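Colleague: Here you go, this is upload_2.cif (mmCIF, C-alpha atoms).
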data_coords
loop_
_atom_site.label_atom_id
_atom_site.label_comp_id
_atom_site.auth_asym_id
_atom_site.auth_seq_id
_atom_site.Cartn_x
_atom_site.Cartn_y
_atom_site.Cartn_z
CA MET L 1 84.80 113.34 137.36
CA GLY L 2 86.33 111.12 140.01
CA ARG L 3 84.99 112.94 143.07
CA SER L 4 83.92 111.18 146.24
CA ALA L 5 80.43 111.24 147.71
CA GLU L 6 81.78 113.40 150.54
CA GLN L 7 83.21 115.91 148.07
CA LEU L 8 79.98 116.03 146.07
CA ALA L 9 78.05 116.75 149.27
CA ARG L 10 80.30 119.76 149.91
CA LEU L 11 79.95 121.41 146.50
CA PRO L 12 78.82 125.04 146.54
CA ALA L 13 75.64 126.16 144.83
CA VAL L 14 76.08 127.92 141.49
CA GLY L 15 73.87 130.83 140.53
CA TYR L 16 72.87 131.32 136.91
CA ILE L 17 71.90 134.60 135.32
CA TYR L 18 70.78 135.46 131.78
CA LEU L 19 71.86 138.92 130.67
CA GLY L 20 70.28 139.02 127.21
CA GLU L 21 72.39 140.61 124.48
CA VAL L 22 75.59 142.18 125.79
CA PRO L 23 78.28 143.84 123.65
CA TYR L 24 81.36 141.65 123.61
CA GLY L 25 83.66 144.34 124.98
CA LYS L 26 81.37 144.90 127.94
CA ALA L 27 81.18 141.15 128.65
CA LEU L 28 84.97 140.91 128.42
CA GLU L 29 85.34 143.73 130.94
CA LEU L 30 82.74 142.13 133.21
CA GLN L 31 84.58 138.82 133.28
CA SER L 32 87.97 140.42 133.83
CA LYS L 33 86.83 142.55 136.76
CA LEU L 34 84.67 139.84 138.32
CA CYS L 35 87.54 137.34 138.20
CA ARG L 36 89.95 139.88 139.66
CA ARG L 37 87.60 140.64 142.54
CA ARG L 38 87.01 136.97 143.25
CA ILE L 39 90.73 136.21 143.26
CA ASP L 40 91.43 139.18 145.51
CA GLU L 41 88.74 138.04 147.93
CA ILE L 42 89.67 134.35 147.99
CA TYR L 43 93.36 135.06 148.59
CA SER L 44 92.97 138.09 150.87
CA GLY L 45 94.19 136.24 153.97
CA PRO L 46 97.76 135.42 155.05
CA PRO L 47 100.07 134.03 152.34
CA GLY L 48 99.33 130.42 151.50
CA THR L 49 95.77 130.54 152.84
CA ARG L 50 92.32 130.87 151.31
CA VAL L 51 89.34 132.65 152.79
CA PRO L 52 86.69 130.01 153.69
CA ARG L 53 83.75 129.91 151.31
CA GLU L 54 81.20 130.91 153.95
CA GLN L 55 83.17 134.11 154.63
CA ARG L 56 83.27 135.29 151.01
CA ARG L 57 80.93 137.87 149.57
CA LEU L 58 81.01 136.65 145.96
CA ALA L 59 79.79 133.23 144.80
CA ASP L 60 80.15 130.97 141.76
CA SER L 61 78.03 131.98 138.80
CA LEU L 62 77.04 130.77 135.35
CA ILE L 63 76.68 133.86 133.18
CA LEU L 64 74.53 133.28 130.10
CA LEU L 65 74.06 135.77 127.28
CA GLN L 66 74.12 136.53 123.59
CA HIS L 67 76.40 138.89 121.70
CA ALA L 68 75.89 141.28 118.84
CA PRO L 69 77.89 140.06 115.80
CA VAL L 70 81.57 139.85 116.73
CA TYR L 71 84.66 137.88 115.77
CA THR L 72 87.04 136.93 118.59
CA ASN L 73 90.49 135.39 118.60
CA GLY L 74 92.38 133.44 121.26
CA ARG L 75 95.62 134.28 123.06
CA ARG L 76 97.82 132.24 120.70
CA ASN L 77 96.86 134.48 117.78
CA HIS L 78 97.42 137.92 119.26
CA GLY L 79 98.67 140.18 116.48
CA LYS L 80 98.69 137.40 113.88
CA LEU L 81 95.57 138.27 111.86
CA PRO L 82 96.55 140.70 109.08
CA ALA L 83 95.21 144.24 109.45
CA GLU L 84 93.40 143.97 106.11
CA ASP L 85 91.52 140.88 107.35
CA ILE L 86 90.49 142.66 110.53
CA GLU L 87 89.25 145.63 108.50
CA ARG L 88 87.34 143.27 106.17
CA LEU L 89 85.54 141.74 109.15
CA ARG L 90 84.73 145.16 110.58
CA GLN L 91 83.27 146.18 107.22
CA LEU L 92 80.63 143.49 107.85
CA SER L 93 79.36 145.64 110.76
CA CYS L 94 81.16 143.33 113.20
CA GLU L 95 83.57 144.01 116.01
CA TYR L 96 86.86 142.15 116.37
CA PHE L 97 88.58 141.32 119.67
CA GLU L 98 91.70 139.47 120.72
CA THR L 99 91.28 137.83 124.12
CA ASN L 100 93.09 135.77 126.77
CA ARG L 101 91.00 132.63 126.20
CA GLY L 102 92.24 129.46 124.56
CA GLY L 103 91.27 128.56 121.02
CA GLU L 104 91.41 130.48 117.76
CA ILE L 105 89.12 132.74 115.75
CA THR L 106 85.37 132.24 116.00
CA PHE L 107 82.10 134.12 115.64
CA HIS L 108 79.54 135.13 118.25
CA GLY L 109 76.16 136.56 117.41
CA PRO L 110 72.38 136.44 117.80
CA GLY L 111 70.88 132.96 118.06
CA GLN L 112 73.96 131.65 119.85
CA LEU L 113 73.87 130.90 123.57
CA VAL L 114 77.14 131.87 125.25
CA ALA L 115 78.00 130.49 128.69
CA TYR L 116 80.68 132.06 130.87
CA PRO L 117 81.09 130.03 134.09
CA ASN L 118 82.82 131.94 136.87
CA LEU L 119 83.82 129.12 139.22
CA TYR L 120 86.49 128.61 141.85
CA LEU L 121 87.61 125.14 140.80
CA ARG L 122 89.10 124.17 144.15
CA ASP L 123 85.66 124.41 145.75
CA HIS L 124 84.47 121.91 143.14
CA PHE L 125 87.47 119.57 143.56
CA LEU L 126 88.27 119.96 139.86
CA GLY L 127 91.39 120.45 137.78
CA THR L 128 91.36 122.37 134.52
CA LYS L 129 91.20 119.27 132.30
CA CYS L 130 88.15 117.82 134.08
CA TYR L 131 86.52 121.23 134.08
CA VAL L 132 86.90 121.62 130.31
CA GLU L 133 85.63 118.08 129.74
CA GLY L 134 82.62 119.04 131.84
CA LEU L 135 81.87 121.98 129.55
CA GLU L 136 81.99 119.66 126.55
CA ASN L 137 79.71 117.18 128.32
CA THR L 138 77.27 119.97 129.18
CA VAL L 139 76.93 120.80 125.48
CA ILE L 140 76.71 117.14 124.48
CA GLU L 141 73.96 116.51 127.04
CA THR L 142 72.09 119.63 125.91
CA CYS L 143 72.20 118.55 122.27
CA ALA L 144 70.94 115.09 123.21
CA GLN L 145 67.89 116.63 124.88
CA PHE L 146 66.93 118.09 121.49
CA GLY L 147 67.58 114.85 119.59
CA VAL L 148 70.95 115.95 118.20
CA ASP L 149 73.89 113.54 118.42
CA ALA L 150 77.05 115.44 119.36
CA ASP L 151 80.46 114.38 120.61
CA ARG L 152 84.13 115.28 120.82
CA GLN L 153 86.53 114.91 117.91
CA PRO L 154 89.96 113.67 119.07
CA GLY L 155 92.55 116.35 118.46
CA PHE L 156 89.99 119.08 117.78
CA PRO L 157 88.50 121.34 120.47
CA GLY L 158 84.79 121.98 120.81
CA VAL L 159 81.72 119.82 120.28
CA TRP L 160 80.92 118.27 116.90
CA VAL L 161 77.88 116.78 115.16
CA SER L 162 79.99 115.20 112.41
CA PRO L 163 83.70 114.95 111.61
CA THR L 164 83.46 118.26 109.75
CA GLN L 165 80.69 120.18 111.55
CA LYS L 166 81.18 121.95 114.87
CA ILE L 167 78.12 123.00 116.86
CA ALA L 168 79.87 124.61 119.83
CA ALA L 169 83.19 126.38 120.31
CA LEU L 170 85.08 126.21 123.61
CA GLY L 171 87.71 128.55 124.94
CA THR L 172 88.56 128.96 128.61
CA HIS L 173 90.86 130.90 130.88
CA VAL L 174 91.79 129.84 134.42
CA GLN L 175 93.71 132.06 136.80
CA LYS L 176 94.40 130.92 140.36
CA TYR L 177 91.61 128.34 139.87
CA VAL L 178 89.02 131.01 138.93
CA THR L 179 87.45 130.42 135.52
CA SER L 180 86.32 132.76 132.76
CA HIS L 181 85.18 132.47 129.14
CA GLY L 182 83.48 129.14 128.35
CA PHE L 183 81.44 127.88 125.40
CA ALA L 184 79.19 129.14 122.63
CA LEU L 185 76.41 126.85 121.40
CA ASN L 186 74.87 127.61 118.02
CA CYS L 187 71.10 127.41 118.42
CA THR L 188 69.53 129.36 115.54
CA THR L 189 72.70 131.23 114.55
CA ASP L 190 72.98 132.51 110.98
CA LEU L 191 75.84 130.26 109.87
CA LYS L 192 76.80 132.53 106.97
CA TRP L 193 78.88 134.56 109.42
CA PHE L 194 81.27 131.62 109.74
CA ASN L 195 81.95 131.69 105.98
CA GLN L 196 84.04 134.83 106.50
CA ILE L 197 86.67 133.00 108.58
CA ILE L 198 88.30 129.62 109.03
CA PRO L 199 86.36 128.70 112.19
CA CYS L 200 88.75 127.93 115.04
CA GLY L 201 91.56 127.86 112.47
CA LEU L 202 90.49 124.45 111.16
CA GLU L 203 90.64 124.07 107.39
CA GLY L 204 87.84 122.00 105.88
CA LYS L 205 85.59 122.32 108.92
CA THR L 206 82.28 124.17 109.06
CA ALA L 207 79.83 125.37 111.67
CA ALA L 208 76.47 123.79 112.46
CA SER L 209 73.58 124.77 114.69
CA LEU L 210 70.82 122.89 116.48
CA GLN L 211 68.45 124.35 113.92
CA SER L 212 70.52 123.34 110.88
CA VAL L 213 71.07 119.78 112.14
CA LEU L 214 67.40 119.24 112.93
CA GLU L 215 66.35 120.67 109.56
CA GLN L 216 68.79 118.34 107.83
CA ASN L 217 67.53 115.34 109.83
CA GLN L 218 63.90 116.18 109.07
CA ARG L 219 64.37 116.80 105.36
CA GLY L 220 61.89 114.66 103.47
CA ALA L 221 59.94 113.71 106.59
CA THR L 222 56.45 115.09 106.06
CA ASP L 223 55.27 114.38 109.61
CA ALA L 224 58.37 115.69 111.41
CA ALA L 225 57.55 117.86 114.41
CA THR L 226 59.21 121.26 114.66
CA VAL L 227 61.52 121.50 117.66
CA ASP L 228 61.95 124.89 119.31
CA VAL L 229 65.69 125.53 119.59
CA THR L 230 65.65 129.26 120.16
CA VAL L 231 67.99 130.55 122.84
CA ASP L 232 65.05 130.96 125.23
CA SER L 233 64.22 127.26 124.90
CA VAL L 234 67.80 126.00 125.00
CA LEU L 235 68.84 128.05 128.02
CA PRO L 236 67.03 126.04 130.75
CA VAL L 237 68.31 122.81 129.18
CA VAL L 238 71.90 124.10 129.34
CA VAL L 239 71.39 125.02 133.00
CA ASP L 240 70.03 121.57 133.83
CA SER L 241 72.77 119.83 131.84
CA PHE L 242 75.38 121.87 133.73
CA ARG L 243 73.81 120.66 137.00
CA LYS L 244 73.89 117.03 135.90
CA VAL L 245 77.47 117.14 134.66
CA TYR L 246 79.05 119.03 137.56
CA GLY L 247 76.84 117.55 140.27
CA CYS L 248 76.13 120.92 141.86
CA ASP L 249 72.97 122.68 142.95
CA ILE L 250 72.18 125.45 140.47
CA ARG L 251 69.58 128.14 141.05
CA PRO L 252 68.90 131.71 139.89
CA LEU L 253 71.80 133.89 140.98
CA GLU L 254 69.60 136.28 142.94
CA HIS L 255 68.62 133.35 145.16
CA VAL L 256 72.16 131.99 145.57
CA SER L 257 74.03 135.27 146.05
CA PRO L 258 72.29 138.65 145.86
CA ALA L 259 75.72 140.25 146.40
CA THR L 260 77.14 138.62 143.26
CA CYS L 261 74.01 139.60 141.34
CA GLU L 262 74.47 143.21 142.43
CA GLU L 263 78.19 143.08 141.59
CA ILE L 264 77.43 141.98 138.04
CA ALA L 265 74.78 144.69 137.66
CA GLN L 266 77.25 147.34 138.81
CA LEU L 267 79.99 146.07 136.48
CA LEU L 268 77.63 146.24 133.51
CA LYS L 269 76.82 149.92 134.06
#
How would this structure read if it were set down as C-alpha coordinates?

Modeller:
Amino acid sequence: MGRSAEQLARLPAVGYIYLGEVPYGKALELQSKLCRRRIDEIYSGPPGTRVPREQRRLADSLILLQHAPVYTNGRRNHGKLPAEDIERLRQLSCEYFETNRGGEITFHGPGQLVAYPNLYLRDHFLGTKCYVEGLENTVIETCAQFGVDADRQPGFPGVWVSPTQKIAALGTHVQKYVTSHGFALNCTTDLKWFNQIIPCGLEGKTAASLQSVLEQNQRGATDAATVDVTVDSVLPVVVDSFRKVYGCDIRPLEHVSPATCEEIAQLLK
(Lines of atoms letter the chains of each structure in order from A and count residues from 1; the text may use other names and numbers.)
(Lines give C-alpha, C1' and ligand atoms only; values in the text may rest on other atoms or scores of the structure.)
Protein backbone atom coordinates (compact mmCIF):
# COMPACT_ATOMS: atom_id res chain seq x y z
CA MET A 1 0.00 0.00 0.00
CA GLY A 2 3.04 2.24 -0.23
CA ARG A 3 3.29 3.19 3.44
CA SER A 4 6.57 3.70 5.24
CA ALA A 5 7.77 1.67 8.22
CA GLU A 6 7.25 4.75 10.38
CA GLN A 7 3.64 5.08 9.21
CA LEU A 8 2.95 1.39 9.79
CA ALA A 9 4.28 1.72 13.34
CA ARG A 10 1.77 4.51 13.98
CA LEU A 11 -1.34 2.70 12.78
CA PRO A 12 -4.22 2.54 15.25
CA ALA A 13 -5.61 -0.74 16.50
CA VAL A 14 -8.89 -1.85 14.95
CA GLY A 15 -11.54 -3.58 17.02
CA TYR A 16 -13.70 -6.27 15.46
CA ILE A 17 -17.16 -7.26 16.61
CA TYR A 18 -19.57 -9.93 15.36
CA LEU A 19 -23.21 -8.95 15.75
CA GLY A 20 -24.88 -12.11 14.43
CA GLU A 21 -27.94 -11.56 12.24
CA VAL A 22 -29.02 -7.92 12.06
CA PRO A 23 -31.92 -6.57 9.97
CA TYR A 24 -30.52 -4.53 7.10
CA GLY A 25 -32.39 -1.37 8.04
CA LYS A 26 -30.99 -1.50 11.56
CA ALA A 27 -27.45 -2.02 10.26
CA LEU A 28 -27.89 0.88 7.85
CA GLU A 29 -29.01 3.13 10.69
CA LEU A 30 -26.11 1.92 12.86
CA GLN A 31 -23.54 2.79 10.20
CA SER A 32 -25.08 6.17 9.44
CA LYS A 33 -25.18 7.27 13.08
CA LEU A 34 -21.79 5.83 13.96
CA CYS A 35 -20.15 7.58 11.01
CA ARG A 36 -21.86 10.86 11.87
CA ARG A 37 -20.67 10.67 15.47
CA ARG A 38 -17.12 9.83 14.43
CA ILE A 39 -17.00 12.70 11.95
CA ASP A 40 -18.42 15.11 14.52
CA GLU A 41 -15.82 14.01 17.06
CA ILE A 42 -12.81 14.05 14.72
CA TYR A 43 -13.61 17.52 13.38
CA SER A 44 -14.93 19.07 16.61
CA GLY A 45 -11.91 21.38 17.03
CA PRO A 46 -11.16 24.70 15.31
CA PRO A 47 -11.73 24.81 11.52
CA GLY A 48 -9.02 23.02 9.59
CA THR A 49 -7.93 20.87 12.54
CA ARG A 50 -8.52 17.31 13.65
CA VAL A 51 -8.83 16.05 17.21
CA PRO A 52 -5.77 13.86 17.98
CA ARG A 53 -6.52 10.15 18.04
CA GLU A 54 -5.63 9.72 21.70
CA GLN A 55 -8.25 12.35 22.63
CA ARG A 56 -11.13 10.69 20.80
CA ARG A 57 -13.73 8.53 22.47
CA LEU A 58 -14.60 6.37 19.45
CA ALA A 59 -12.16 4.05 17.67
CA ASP A 60 -11.89 2.22 14.34
CA SER A 61 -14.00 -0.91 14.10
CA LEU A 62 -14.63 -3.85 11.80
CA ILE A 63 -18.31 -4.69 12.13
CA LEU A 64 -19.14 -8.25 11.04
CA LEU A 65 -22.64 -9.65 10.70
CA GLN A 66 -25.21 -11.47 8.63
CA HIS A 67 -28.50 -10.17 7.29
CA ALA A 68 -31.94 -11.66 6.89
CA PRO A 69 -32.78 -11.95 3.16
CA VAL A 70 -32.62 -8.49 1.58
CA TYR A 71 -31.89 -6.90 -1.79
CA THR A 72 -29.96 -3.63 -1.76
CA ASN A 73 -29.14 -1.13 -4.48
CA GLY A 74 -26.38 1.46 -4.78
CA ARG A 75 -26.59 5.24 -5.01
CA ARG A 76 -26.42 5.32 -8.83
CA ASN A 77 -29.69 3.41 -9.07
CA HIS A 78 -31.90 5.37 -6.70
CA GLY A 79 -35.42 5.33 -8.11
CA LYS A 80 -34.44 3.36 -11.21
CA LEU A 81 -35.79 -0.10 -10.32
CA PRO A 82 -39.43 -0.32 -11.49
CA ALA A 83 -42.02 -0.49 -8.72
CA GLU A 84 -43.29 -3.85 -10.02
CA ASP A 85 -39.78 -5.33 -9.69
CA ILE A 86 -39.47 -4.06 -6.13
CA GLU A 87 -42.86 -5.57 -5.27
CA ARG A 88 -41.82 -8.87 -6.90
CA LEU A 89 -38.73 -9.02 -4.69
CA ARG A 90 -40.74 -8.20 -1.58
CA GLN A 91 -43.15 -11.02 -2.45
CA LEU A 92 -40.19 -13.36 -1.88
CA SER A 93 -40.30 -12.36 1.81
CA CYS A 94 -37.34 -10.05 1.24
CA GLU A 95 -36.78 -6.41 2.06
CA TYR A 96 -35.49 -3.92 -0.50
CA PHE A 97 -33.30 -0.89 0.27
CA GLU A 98 -31.64 1.84 -1.74
CA THR A 99 -28.43 3.02 -0.09
CA ASN A 100 -25.56 5.52 -0.41
CA ARG A 101 -22.93 2.87 -1.17
CA GLY A 102 -21.29 2.34 -4.53
CA GLY A 103 -22.24 -0.57 -6.75
CA GLU A 104 -25.58 -1.84 -8.00
CA ILE A 105 -28.21 -4.34 -6.89
CA THR A 106 -27.13 -7.35 -4.86
CA PHE A 107 -28.44 -9.82 -2.30
CA HIS A 108 -27.58 -10.27 1.37
CA GLY A 109 -28.75 -13.19 3.45
CA PRO A 110 -27.91 -16.07 5.78
CA GLY A 111 -24.64 -17.85 5.06
CA GLN A 112 -23.03 -14.64 3.83
CA LEU A 113 -20.45 -12.83 5.95
CA VAL A 114 -20.84 -9.07 5.68
CA ALA A 115 -18.01 -6.76 6.76
CA TYR A 116 -18.56 -3.08 7.45
CA PRO A 117 -15.23 -1.40 8.31
CA ASN A 118 -15.64 1.92 10.11
CA LEU A 119 -12.17 3.44 9.68
CA TYR A 120 -10.75 6.94 9.63
CA LEU A 121 -8.53 6.57 6.57
CA ARG A 122 -6.18 9.41 7.44
CA ASP A 123 -5.07 7.54 10.55
CA HIS A 124 -4.15 4.64 8.26
CA PHE A 125 -2.38 6.83 5.67
CA LEU A 126 -4.75 5.53 2.99
CA GLY A 127 -6.69 7.03 0.11
CA THR A 128 -9.99 5.62 -1.05
CA LYS A 129 -8.52 3.64 -3.97
CA CYS A 130 -5.95 1.84 -1.80
CA TYR A 131 -8.60 1.21 0.83
CA VAL A 132 -10.95 -0.46 -1.66
CA GLU A 133 -8.08 -2.53 -3.08
CA GLY A 134 -7.38 -3.63 0.48
CA LEU A 135 -10.94 -4.89 0.87
CA GLU A 136 -10.56 -6.90 -2.32
CA ASN A 137 -7.24 -8.29 -1.11
CA THR A 138 -8.80 -9.23 2.22
CA VAL A 139 -11.38 -11.36 0.42
CA ILE A 140 -8.79 -12.84 -1.95
CA GLU A 141 -6.54 -13.80 0.97
CA THR A 142 -9.50 -15.30 2.85
CA CYS A 143 -10.50 -17.42 -0.14
CA ALA A 144 -6.92 -18.63 -0.54
CA GLN A 145 -6.91 -19.88 3.05
CA PHE A 146 -9.78 -22.22 2.11
CA GLY A 147 -8.14 -23.39 -1.12
CA VAL A 148 -10.26 -21.19 -3.39
CA ASP A 149 -8.53 -19.16 -6.12
CA ALA A 150 -10.08 -15.71 -6.35
CA ASP A 151 -9.01 -12.47 -7.98
CA ARG A 152 -10.17 -9.18 -9.48
CA GLN A 153 -11.71 -8.91 -12.93
CA PRO A 154 -10.55 -5.74 -14.73
CA GLY A 155 -13.48 -3.42 -15.26
CA PHE A 156 -15.77 -5.31 -12.89
CA PRO A 157 -16.06 -4.59 -9.16
CA GLY A 158 -15.91 -7.29 -6.51
CA VAL A 159 -13.94 -10.51 -6.20
CA TRP A 160 -14.28 -13.33 -8.73
CA VAL A 161 -13.51 -17.05 -8.89
CA SER A 162 -13.92 -17.17 -12.68
CA PRO A 163 -14.64 -14.63 -15.43
CA THR A 164 -18.36 -15.17 -14.86
CA GLN A 165 -18.65 -16.05 -11.15
CA LYS A 166 -18.47 -13.47 -8.37
CA ILE A 167 -17.90 -14.66 -4.81
CA ALA A 168 -17.95 -11.29 -3.05
CA ALA A 169 -19.64 -7.97 -3.73
CA LEU A 170 -18.05 -4.66 -2.72
CA GLY A 171 -19.69 -1.32 -2.17
CA THR A 172 -18.24 1.46 -0.04
CA HIS A 173 -19.01 4.96 1.12
CA VAL A 174 -16.40 7.43 2.38
CA GLN A 175 -17.29 10.75 3.96
CA LYS A 176 -14.57 13.02 5.33
CA TYR A 177 -12.26 9.96 5.30
CA VAL A 178 -14.64 7.89 7.48
CA THR A 179 -15.71 4.63 5.85
CA SER A 180 -18.95 2.68 5.84
CA HIS A 181 -20.44 -0.28 3.97
CA GLY A 182 -17.81 -2.77 2.75
CA PHE A 183 -18.00 -6.29 1.34
CA ALA A 184 -20.20 -9.38 1.44
CA LEU A 185 -18.53 -12.78 1.06
CA ASN A 186 -20.71 -15.73 0.10
CA CYS A 187 -19.81 -18.61 2.39
CA THR A 188 -22.74 -21.06 2.37
CA THR A 189 -25.27 -18.64 0.87
CA ASP A 190 -28.25 -20.11 -1.00
CA LEU A 191 -27.34 -18.85 -4.47
CA LYS A 192 -30.89 -19.19 -5.77
CA TRP A 193 -31.61 -15.75 -4.33
CA PHE A 194 -29.31 -14.23 -6.95
CA ASN A 195 -31.42 -15.71 -9.76
CA GLN A 196 -34.09 -13.10 -9.03
CA ILE A 197 -31.82 -10.20 -10.08
CA ILE A 198 -28.97 -9.31 -12.39
CA PRO A 199 -26.28 -9.35 -9.68
CA CYS A 200 -24.48 -6.01 -9.56
CA GLY A 201 -26.15 -5.15 -12.86
CA LEU A 202 -23.81 -7.43 -14.82
CA GLU A 203 -25.49 -9.45 -17.57
CA GLY A 204 -24.14 -12.97 -18.01
CA LYS A 205 -22.50 -13.06 -14.58
CA THR A 206 -23.53 -15.30 -11.69
CA ALA A 207 -22.83 -15.62 -7.99
CA ALA A 208 -20.62 -18.24 -6.37
CA SER A 209 -19.88 -19.17 -2.77
CA LEU A 210 -16.98 -20.82 -0.98
CA GLN A 211 -19.21 -23.85 -0.58
CA SER A 212 -20.24 -24.03 -4.26
CA VAL A 213 -16.66 -23.62 -5.51
CA LEU A 214 -15.28 -26.28 -3.19
CA GLU A 215 -18.10 -28.68 -4.09
CA GLN A 216 -17.38 -28.13 -7.77
CA ASN A 217 -13.64 -28.66 -7.25
CA GLN A 218 -14.23 -31.85 -5.27
CA ARG A 219 -16.75 -33.38 -7.66
CA GLY A 220 -15.60 -36.86 -8.56
CA ALA A 221 -12.89 -36.93 -5.89
CA THR A 222 -13.84 -39.77 -3.57
CA ASP A 223 -11.23 -38.94 -0.93
CA ALA A 224 -11.83 -35.17 -0.85
CA ALA A 225 -11.98 -33.76 2.67
CA THR A 226 -14.94 -31.58 3.59
CA VAL A 227 -13.90 -28.01 4.36
CA ASP A 228 -15.95 -26.07 6.90
CA VAL A 229 -16.86 -22.74 5.28
CA THR A 230 -19.70 -21.71 7.55
CA VAL A 231 -19.71 -18.08 8.62
CA ASP A 232 -18.40 -19.07 12.06
CA SER A 233 -15.34 -20.69 10.46
CA VAL A 234 -14.73 -17.99 7.87
CA LEU A 235 -15.02 -15.07 10.29
CA PRO A 236 -11.66 -15.46 12.09
CA VAL A 237 -9.93 -15.94 8.72
CA VAL A 238 -11.44 -12.67 7.44
CA VAL A 239 -10.23 -10.89 10.59
CA ASP A 240 -6.71 -12.25 10.18
CA SER A 241 -6.66 -11.47 6.45
CA PHE A 242 -7.75 -7.90 7.23
CA ARG A 243 -4.82 -7.63 9.65
CA LYS A 244 -2.34 -8.91 7.07
CA VAL A 245 -3.58 -6.66 4.29
CA TYR A 246 -3.88 -3.41 6.24
CA GLY A 247 -0.91 -4.01 8.53
CA CYS A 248 -2.82 -3.04 11.66
CA ASP A 249 -3.29 -4.65 15.04
CA ILE A 250 -6.81 -6.08 15.25
CA ARG A 251 -8.40 -7.33 18.44
CA PRO A 252 -11.92 -7.78 19.86
CA LEU A 253 -13.59 -4.39 20.02
CA GLU A 254 -14.28 -4.62 23.74
CA HIS A 255 -10.51 -4.80 24.29
CA VAL A 256 -9.65 -1.98 21.88
CA SER A 257 -12.41 0.47 22.77
CA PRO A 258 -15.12 -0.35 25.32
CA ALA A 259 -16.66 3.05 24.53
CA THR A 260 -17.13 2.15 20.85
CA CYS A 261 -18.52 -1.24 21.86
CA GLU A 262 -21.05 0.47 24.11
CA GLU A 263 -21.90 3.01 21.40
CA ILE A 264 -22.72 0.22 18.95
CA ALA A 265 -24.83 -1.58 21.56
CA GLN A 266 -26.81 1.59 22.23
CA LEU A 267 -27.33 2.28 18.52
CA LEU A 268 -28.70 -1.22 18.00
CA LYS A 269 -31.39 -0.83 20.66

Colleague: Determine the axis-aligned bounding box of all atoms of segment 152-159 of chain L present in the file, pad each side by 4 Å, and express its centre and edge lengths in Å to one decimal place as AutoDock Vina command-line options.

Modeller:
--center_x 87.1 --center_y 117.8 --center_z 119.3 --size_x 18.8 --size_y 16.3 --size_z 11.0

Colleague: Can you tell me which residues surround Thr260 of chain L at a distance of at most 6 Å, considering only C-alpha atoms, apart from same-chain residues fewer than 3 positions away, and format the answer as a VMD selection string?

Modeller: chain L and resid 58 257 263

Colleague: Excluding same-chain residues fewer than 4 positions from segment 178-183 of chain L, what lies within 6 Å of it counting all atoms listed in the file, as a list in words?

Modeller: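 These residues fall inside the cut-off: Val114, Ala115, Tyr116, Asn118, Leu119, Tyr120, Ala169, Leu170, Gly171, Thr172, His173 and Val174 of chain L.
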
Colleague: With C-alpha atoms retained, could you export that selection as a PDB file, in the coordinates of the input?

Modeller:
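Written file, part-v1.pdb:
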ATOM      1  CA  VAL L 114      77.140 131.870 125.250  1.00  0.00           C
ATOM      2  CA  ALA L 115      78.000 130.490 128.690  1.00  0.00           C
ATOM      3  CA  TYR L 116      80.680 132.060 130.870  1.00  0.00           C
ATOM      4  CA  ASN L 118      82.820 131.940 136.870  1.00  0.00           C
ATOM      5  CA  LEU L 119      83.820 129.120 139.220  1.00  0.00           C
ATOM      6  CA  TYR L 120      86.490 128.610 141.850  1.00  0.00           C
ATOM      7  CA  ALA L 169      83.190 126.380 120.310  1.00  0.00           C
ATOM      8  CA  LEU L 170      85.080 126.210 123.610  1.00  0.00           C
ATOM      9  CA  GLY L 171      87.710 128.550 124.940  1.00  0.00           C
ATOM     10  CA  THR L 172      88.560 128.960 128.610  1.00  0.00           C
ATOM     11  CA  HIS L 173      90.860 130.900 130.880  1.00  0.00           C
ATOM     12  CA  VAL L 174      91.790 129.840 134.420  1.00  0.00           C
TER      13      VAL L 174
END

Colleague: Report, in Å with one decimal, the straight-line distance from atom CA of Glu215 of chain L to atom CA of His67 of chain L.

Modeller: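 So the answer is 24.1 Å.
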
Colleague: Mind checking which residues fall within 9 Å of Leu185 of chain L, counting only C-alpha atoms, ignoring those fewer than 3 positions away in the same chain, and posting them as an NGL selection string?

Modeller: :L and (111-115 or 139 or 159 or 167-170 or 189 or 209-210)
